[in-house]
$ cat protein_36.cif   # mmCIF, C-alpha atoms, pLDDT in the B column; chains and numbers go by the auth columns
data_run
#
loop_
_atom_site.group_PDB
_atom_site.id
_atom_site.type_symbol
_atom_site.label_atom_id
_atom_site.label_comp_id
_atom_site.label_asym_id
_atom_site.label_seq_id
_atom_site.Cartn_x
_atom_site.Cartn_y
_atom_site.Cartn_z
_atom_site.B_iso_or_equiv
_atom_site.auth_seq_id
_atom_site.auth_asym_id
ATOM 1 C CA MET A 1 -33.075 -18.013 -17.548 47.00 9 A
ATOM 2 C CA LYS A 2 -29.453 -19.037 -16.934 49.00 10 A
ATOM 3 C CA THR A 3 -28.122 -15.804 -18.413 47.00 11 A
ATOM 4 C CA PRO A 4 -29.443 -13.492 -15.648 46.00 12 A
ATOM 5 C CA ILE A 5 -28.087 -15.795 -12.912 43.00 13 A
ATOM 6 C CA LEU A 6 -24.705 -15.915 -14.602 38.00 14 A
ATOM 7 C CA SER A 7 -24.736 -12.124 -15.003 40.00 15 A
ATOM 8 C CA CYS A 8 -25.630 -11.611 -11.340 39.00 16 A
ATOM 9 C CA THR A 9 -22.921 -14.042 -10.246 38.00 17 A
ATOM 10 C CA LEU A 10 -20.332 -12.315 -12.425 36.00 18 A
ATOM 11 C CA LEU A 11 -21.432 -8.874 -11.202 37.00 19 A
ATOM 12 C CA ALA A 12 -21.265 -10.026 -7.570 39.00 20 A
ATOM 13 C CA ALA A 13 -17.794 -11.505 -8.058 38.00 21 A
ATOM 14 C CA LEU A 14 -16.530 -8.302 -9.630 37.00 22 A
ATOM 15 C CA THR A 15 -18.103 -6.166 -6.908 39.00 23 A
ATOM 16 C CA PHE A 16 -16.692 -8.239 -4.035 42.00 24 A
ATOM 17 C CA GLY A 17 -13.319 -8.500 -5.758 43.00 25 A
ATOM 18 C CA ALA A 18 -13.135 -4.730 -6.129 40.00 26 A
ATOM 19 C CA ALA A 19 -14.148 -4.153 -2.530 41.00 27 A
ATOM 20 C CA SER A 20 -11.459 -6.444 -1.166 39.00 28 A
ATOM 21 C CA THR A 21 -8.700 -4.631 -3.071 44.00 29 A
ATOM 22 C CA VAL A 22 -9.654 -1.252 -1.576 41.00 30 A
ATOM 23 C CA THR A 23 -9.115 -2.184 2.048 45.00 31 A
ATOM 24 C CA PRO A 24 -7.407 0.630 3.950 51.00 32 A
ATOM 25 C CA SER A 25 -3.962 0.057 5.380 57.00 33 A
ATOM 26 C CA PRO A 26 -3.930 -0.565 9.120 66.00 34 A
ATOM 27 C CA ALA A 27 -3.194 2.368 11.410 73.00 35 A
ATOM 28 C CA PRO A 28 0.334 2.407 12.823 86.00 36 A
ATOM 29 C CA ALA A 29 0.588 0.817 16.249 89.00 37 A
ATOM 30 C CA TRP A 30 2.512 2.284 19.181 95.00 38 A
ATOM 31 C CA THR A 31 5.334 -0.202 18.659 96.00 39 A
ATOM 32 C CA HIS A 32 8.830 0.258 17.305 97.00 40 A
ATOM 33 C CA GLU A 33 7.871 -1.430 14.041 97.00 41 A
ATOM 34 C CA GLY A 34 4.633 0.548 13.652 96.00 42 A
ATOM 35 C CA LEU A 35 6.260 3.899 14.396 98.00 43 A
ATOM 36 C CA ALA A 36 9.299 3.181 12.206 98.00 44 A
ATOM 37 C CA ALA A 37 7.066 2.564 9.179 97.00 45 A
ATOM 38 C CA ALA A 38 4.690 5.459 9.864 98.00 46 A
ATOM 39 C CA THR A 39 4.193 8.813 8.205 98.00 47 A
ATOM 40 C CA TYR A 40 4.254 11.847 10.483 98.00 48 A
ATOM 41 C CA VAL A 41 2.861 15.339 10.111 98.00 49 A
ATOM 42 C CA ILE A 42 4.471 17.979 12.305 98.00 50 A
ATOM 43 C CA LEU A 43 1.818 20.469 13.378 98.00 51 A
ATOM 44 C CA GLU A 44 2.439 24.061 14.420 97.00 52 A
ATOM 45 C CA PRO A 45 4.627 24.160 17.531 97.00 53 A
ATOM 46 C CA ARG A 46 3.395 25.646 20.778 96.00 54 A
ATOM 47 C CA VAL A 47 5.065 27.488 23.616 94.00 55 A
ATOM 48 C CA GLU A 48 3.658 27.153 27.125 95.00 56 A
ATOM 49 C CA GLY A 49 4.720 29.091 30.171 93.00 57 A
ATOM 50 C CA ASN A 50 6.300 32.540 30.162 93.00 58 A
ATOM 51 C CA ILE A 51 6.595 33.340 26.464 88.00 59 A
ATOM 52 C CA ASN A 52 7.764 36.869 27.281 90.00 60 A
ATOM 53 C CA LEU A 53 11.271 35.662 28.141 87.00 61 A
ATOM 54 C CA VAL A 54 12.235 36.034 24.470 81.00 62 A
ATOM 55 C CA GLY A 55 11.429 38.691 21.897 84.00 63 A
ATOM 56 C CA ALA A 56 9.213 38.230 18.842 86.00 64 A
ATOM 57 C CA ASP A 57 12.157 37.607 16.480 86.00 65 A
ATOM 58 C CA GLN A 58 13.690 35.036 18.808 87.00 66 A
ATOM 59 C CA ARG A 59 10.300 33.397 19.288 89.00 67 A
ATOM 60 C CA LYS A 60 9.878 33.045 15.515 92.00 68 A
ATOM 61 C CA SER A 61 13.264 31.345 15.110 91.00 69 A
ATOM 62 C CA ILE A 62 12.577 29.081 18.106 91.00 70 A
ATOM 63 C CA LEU A 63 9.227 27.976 16.630 95.00 71 A
ATOM 64 C CA GLU A 64 10.886 27.238 13.281 96.00 72 A
ATOM 65 C CA ALA A 65 13.609 25.230 15.037 95.00 73 A
ATOM 66 C CA MET A 66 10.991 23.309 17.002 97.00 74 A
ATOM 67 C CA LYS A 67 9.203 22.195 13.842 96.00 75 A
ATOM 68 C CA ARG A 68 12.412 21.311 12.000 97.00 76 A
ATOM 69 C CA ASP A 69 14.220 19.682 14.931 98.00 77 A
ATOM 70 C CA SER A 70 11.252 17.618 16.144 98.00 78 A
ATOM 71 C CA ALA A 71 10.914 16.148 12.627 98.00 79 A
ATOM 72 C CA GLY A 72 14.671 15.527 12.602 98.00 80 A
ATOM 73 C CA ALA A 73 14.527 13.762 15.968 98.00 81 A
ATOM 74 C CA ILE A 74 11.784 11.421 14.723 98.00 82 A
ATOM 75 C CA THR A 75 13.661 10.547 11.532 98.00 83 A
ATOM 76 C CA ARG A 76 16.888 9.981 13.472 98.00 84 A
ATOM 77 C CA ARG A 77 15.000 7.623 15.797 98.00 85 A
ATOM 78 C CA TYR A 78 13.194 5.935 12.876 98.00 86 A
ATOM 79 C CA PRO A 79 15.230 6.342 9.652 98.00 87 A
ATOM 80 C CA THR A 80 12.483 4.677 7.579 98.00 88 A
ATOM 81 C CA ALA A 81 9.754 7.042 8.825 98.00 89 A
ATOM 82 C CA LYS A 82 8.382 9.687 6.494 98.00 90 A
ATOM 83 C CA ILE A 83 7.550 13.308 7.277 98.00 91 A
ATOM 84 C CA ALA A 84 4.614 14.716 5.306 97.00 92 A
ATOM 85 C CA ALA A 85 3.928 18.419 4.904 95.00 93 A
ATOM 86 C CA ASP A 86 0.170 18.140 4.398 95.00 94 A
ATOM 87 C CA GLY A 87 -1.774 18.068 7.669 90.00 95 A
ATOM 88 C CA ALA A 88 -4.557 16.110 5.959 92.00 96 A
ATOM 89 C CA THR A 89 -2.314 13.179 4.968 96.00 97 A
ATOM 90 C CA PRO A 90 -4.445 10.074 5.557 95.00 98 A
ATOM 91 C CA GLY A 91 -3.117 7.638 8.138 96.00 99 A
ATOM 92 C CA ALA A 92 -0.387 9.994 9.358 97.00 100 A
ATOM 93 C CA ILE A 93 0.573 10.421 12.992 98.00 101 A
ATOM 94 C CA ARG A 94 0.069 14.055 13.950 98.00 102 A
ATOM 95 C CA VAL A 95 2.815 15.491 16.155 98.00 103 A
ATOM 96 C CA THR A 96 2.672 18.758 18.089 98.00 104 A
ATOM 97 C CA PRO A 97 6.034 19.932 19.429 98.00 105 A
ATOM 98 C CA THR A 98 5.766 22.007 22.597 97.00 106 A
ATOM 99 C CA PHE A 99 8.322 24.058 24.501 96.00 107 A
ATOM 100 C CA ILE A 100 7.572 24.647 28.181 96.00 108 A
ATOM 101 C CA ALA A 101 9.220 27.906 29.196 93.00 109 A
ATOM 102 C CA PRO A 102 10.104 28.600 32.851 94.00 110 A
ATOM 103 C CA ARG A 103 8.510 31.457 34.756 91.00 111 A
ATOM 104 C CA SER A 104 11.843 33.243 34.959 90.00 112 A
ATOM 105 C CA LEU A 105 15.457 32.692 33.962 85.00 113 A
ATOM 106 C CA VAL A 106 16.947 31.772 37.301 90.00 114 A
ATOM 107 C CA PRO A 107 19.605 29.055 37.760 90.00 115 A
ATOM 108 C CA TRP A 108 17.198 26.576 39.390 93.00 116 A
ATOM 109 C CA ALA A 109 14.428 26.993 36.812 93.00 117 A
ATOM 110 C CA LYS A 110 13.404 24.074 34.623 95.00 118 A
ATOM 111 C CA LEU A 111 12.258 24.200 31.036 94.00 119 A
ATOM 112 C CA GLY A 112 10.814 21.371 29.066 96.00 120 A
ATOM 113 C CA GLY A 113 10.163 19.847 25.712 97.00 121 A
ATOM 114 C CA ARG A 114 7.144 17.750 24.851 98.00 122 A
ATOM 115 C CA LEU A 115 5.992 15.857 21.789 98.00 123 A
ATOM 116 C CA ASP A 116 2.269 15.122 21.606 98.00 124 A
ATOM 117 C CA PHE A 117 1.405 12.286 19.222 98.00 125 A
ATOM 118 C CA GLU A 118 -2.076 11.654 17.870 97.00 126 A
ATOM 119 C CA LEU A 119 -2.368 8.325 16.084 97.00 127 A
ATOM 120 C CA PRO A 120 -4.934 7.792 13.312 96.00 128 A
ATOM 121 C CA SER A 121 -6.815 5.467 15.689 94.00 129 A
ATOM 122 C CA GLY A 122 -7.394 8.429 18.012 94.00 130 A
ATOM 123 C CA GLN A 123 -4.880 7.269 20.627 95.00 131 A
ATOM 124 C CA LYS A 124 -2.881 10.159 22.129 97.00 132 A
ATOM 125 C CA VAL A 125 0.549 9.883 23.678 97.00 133 A
ATOM 126 C CA SER A 126 2.674 12.660 25.197 98.00 134 A
ATOM 127 C CA LEU A 127 6.387 12.411 25.882 98.00 135 A
ATOM 128 C CA ARG A 128 8.123 15.080 27.951 98.00 136 A
ATOM 129 C CA GLU A 129 11.565 15.821 29.287 98.00 137 A
ATOM 130 C CA ASP A 130 12.624 18.653 31.622 97.00 138 A
ATOM 131 C CA PHE A 131 15.995 20.401 31.507 97.00 139 A
ATOM 132 C CA GLY A 132 17.891 22.812 33.692 95.00 140 A
ATOM 133 C CA ILE A 133 18.883 26.269 32.483 91.00 141 A
ATOM 134 C CA SER A 134 22.538 25.142 32.501 91.00 142 A
ATOM 135 C CA ILE A 135 21.820 22.743 29.585 93.00 143 A
ATOM 136 C CA LEU A 136 20.259 25.609 27.628 89.00 144 A
ATOM 137 C CA LEU A 137 23.377 27.709 28.198 89.00 145 A
ATOM 138 C CA GLN A 138 25.672 24.800 27.362 94.00 146 A
ATOM 139 C CA LYS A 139 23.900 23.765 24.102 94.00 147 A
ATOM 140 C CA ARG A 140 22.885 27.300 22.995 91.00 148 A
ATOM 141 C CA SER A 141 21.755 27.219 19.350 91.00 149 A
ATOM 142 C CA GLU A 142 21.619 23.403 19.367 95.00 150 A
ATOM 143 C CA PHE A 143 19.388 23.208 22.442 95.00 151 A
ATOM 144 C CA VAL A 144 16.082 22.575 20.620 96.00 152 A
ATOM 145 C CA ASN A 145 17.704 19.815 18.564 96.00 153 A
ATOM 146 C CA TYR A 146 19.164 18.268 21.727 97.00 154 A
ATOM 147 C CA MET A 147 15.845 18.624 23.556 97.00 155 A
ATOM 148 C CA TYR A 148 13.786 16.736 20.936 98.00 156 A
ATOM 149 C CA ASP A 149 16.472 14.063 20.453 98.00 157 A
ATOM 150 C CA THR A 150 16.279 13.456 24.209 98.00 158 A
ATOM 151 C CA VAL A 151 12.459 13.277 24.131 98.00 159 A
ATOM 152 C CA ALA A 152 12.526 10.951 21.084 98.00 160 A
ATOM 153 C CA LYS A 153 14.664 8.451 23.023 98.00 161 A
ATOM 154 C CA GLN A 154 11.522 7.631 25.014 98.00 162 A
ATOM 155 C CA LEU A 155 9.792 6.311 21.869 98.00 163 A
ATOM 156 C CA PRO A 156 9.531 2.514 21.611 96.00 164 A
#

$ encode --input "protein_36.cif" --output "structure tokens"
Amino acid sequence: MKTPILSCTLLAALTFGAASTVTPSPAPAWTHEGLAAATYVILEPRVEGNINLVGADQRKSILEAMKRDSAGAITRRYPTAKIAADGATPGAIRVTPTFIAPRSLVPWAKLGGRLDFELPSGQKVSLREDFGISILLQKRSEFVNYMYDTVAKQLP
């Protein structure tokens, strides 16, 4: 009679022991420490506004720069952060870089950059910065890099 009780106790101990070692890691919090230790997935960039201001070839290179430079801005802000390529990476913060194009290229027009973050907990945070056309002309090929570095400065 003691054998079945001992077996059940041993089985229960093994089952509970195994369950406690499989606890998922906590989702990153919107704090400097949580974001610095997080893994990020950069989703496909988006362009809002007048996308006809640039041709198809220019648009392709801008979208590539947005993906690359937004990831670079995050890792410059948080050197210990990781960038994953797989959109299904568990526990990763999903980031959508967005470029907000002006209606027309006039000296007073504003354009913007935005990073939309979706945390594993479901929390969503958007950070945006607007720029004048003069900054675009001044920075030229480095503008997208400059834009996302400026947006990333708003991170905790």

$ closest_residue --input "protein_36.cif" --among "A:Pro53, A:Gly130, A:Pro36, A:Pro87" --to "A:Thr106" --atoms "only C-alpha atoms"
A:Pro53

$ resolve_selection --input "protein_36.cif" --expression "the PyMOL selection byres ((chain A and resi 153-156) around 8)" --output "list in words"
Ala73, Met74, Asp77, Ser78, Gly80, Ala81, Gly120, Gly121, Arg122, Leu123, Glu137, Lys147, Glu150, Phe151, Val152, Asp157, Thr158, Val159 and Ala160 of chain A

$ atom_distance --input "protein_36.cif" --atom1 "atom CA of A:Lys161" --atom2 "atom CA of A:Arg85"
7.3 Å

$ atom_distance --input "protein_36.cif" --atom1 "atom CA of A:Ala92" --atom2 "atom CA of A:Thr47"
6.6 Å

$ atom_distance --input "protein_36.cif" --atom1 "atom CA of A:Ala117" --atom2 "atom CA of A:Gly140"
6.3 Å

$ resolve_selection --input "protein_36.cif" --expression "the PyMOL selection byres ((chain A and resi 54) around 10)" --output "list in words"
Leu51, Glu52, Pro53, Val55, Glu56, Leu71, Met74, Lys75, Thr104, Pro105, Thr106, Phe107, Ile108 and Arg122 of chain A

$ residues_near_point --input "protein_36.cif" --point "(10.3, 31.1, 29.5)" --cutoff "8 Å" --atoms "all atoms listed in the file" --output "PDB file with C-alpha atoms, in the frame of the given file"
ATOM      1  CA  GLY A  57       4.720  29.091  30.171  1.00 93.00           C
ATOM      2  CA  ASN A  58       6.300  32.540  30.162  1.00 93.00           C
ATOM      3  CA  ILE A  59       6.595  33.340  26.464  1.00 88.00           C
ATOM      4  CA  ASN A  60       7.764  36.869  27.281  1.00 90.00           C
ATOM      5  CA  LEU A  61      11.271  35.662  28.141  1.00 87.00           C
ATOM      6  CA  VAL A  62      12.235  36.034  24.470  1.00 81.00           C
ATOM      7  CA  ILE A 108       7.572  24.647  28.181  1.00 96.00           C
ATOM      8  CA  ALA A 109       9.220  27.906  29.196  1.00 93.00           C
ATOM      9  CA  PRO A 110      10.104  28.600  32.851  1.00 94.00           C
ATOM     10  CA  ARG A 111       8.510  31.457  34.756  1.00 91.00           C
ATOM     11  CA  SER A 112      11.843  33.243  34.959  1.00 90.00           C
ATOM     12  CA  LEU A 113      15.457  32.692  33.962  1.00 85.00           C
ATOM     13  CA  LEU A 119      12.258  24.200  31.036  1.00 94.00           C
TER      14      LEU A 119
END

$ closest_residue --input "protein_36.cif" --among "A:Ile70, A:Ile50, A:Leu43, A:Ala35" --to "A:Gly99" --atoms "all atoms listed in the file"
A:Ala35

$ closest_residue --input "protein_36.cif" --among "A:Ser142, A:Ser134, A:Ser149, A:Ser129" --to "A:Gln162" --atoms "all atoms listed in the file"
A:Ser134

$ residues_around --input "protein_36.cif" --residues "A:Asp94" --least-positions-apart "2" --cutoff "10 Å" --atoms "only C-alpha atoms" --output "list of chain:residue names"
A:Tyr48, A:Val49, A:Ile50, A:Leu51, A:Ile91, A:Ala92, A:Ala96, A:Thr97, A:Pro98, A:Ala100

$ residues_around --input "protein_36.cif" --residues "A:Ala37" --least-positions-apart "3" --cutoff "10 Å" --atoms "all atoms listed in the file" --output "ChimeraX atom specification"
/A:34,40-46,127-129,131

$ axis_aligned_box --input "protein_36.cif" --around "stretch 118-134 of chain A" --padding-each-side "6 Å" --output "AutoDock Vina command-line options"
--center_x 3.0 --center_y 14.8 --center_z 24.0 --size_x 32.8 --size_y 30.7 --size_z 33.3
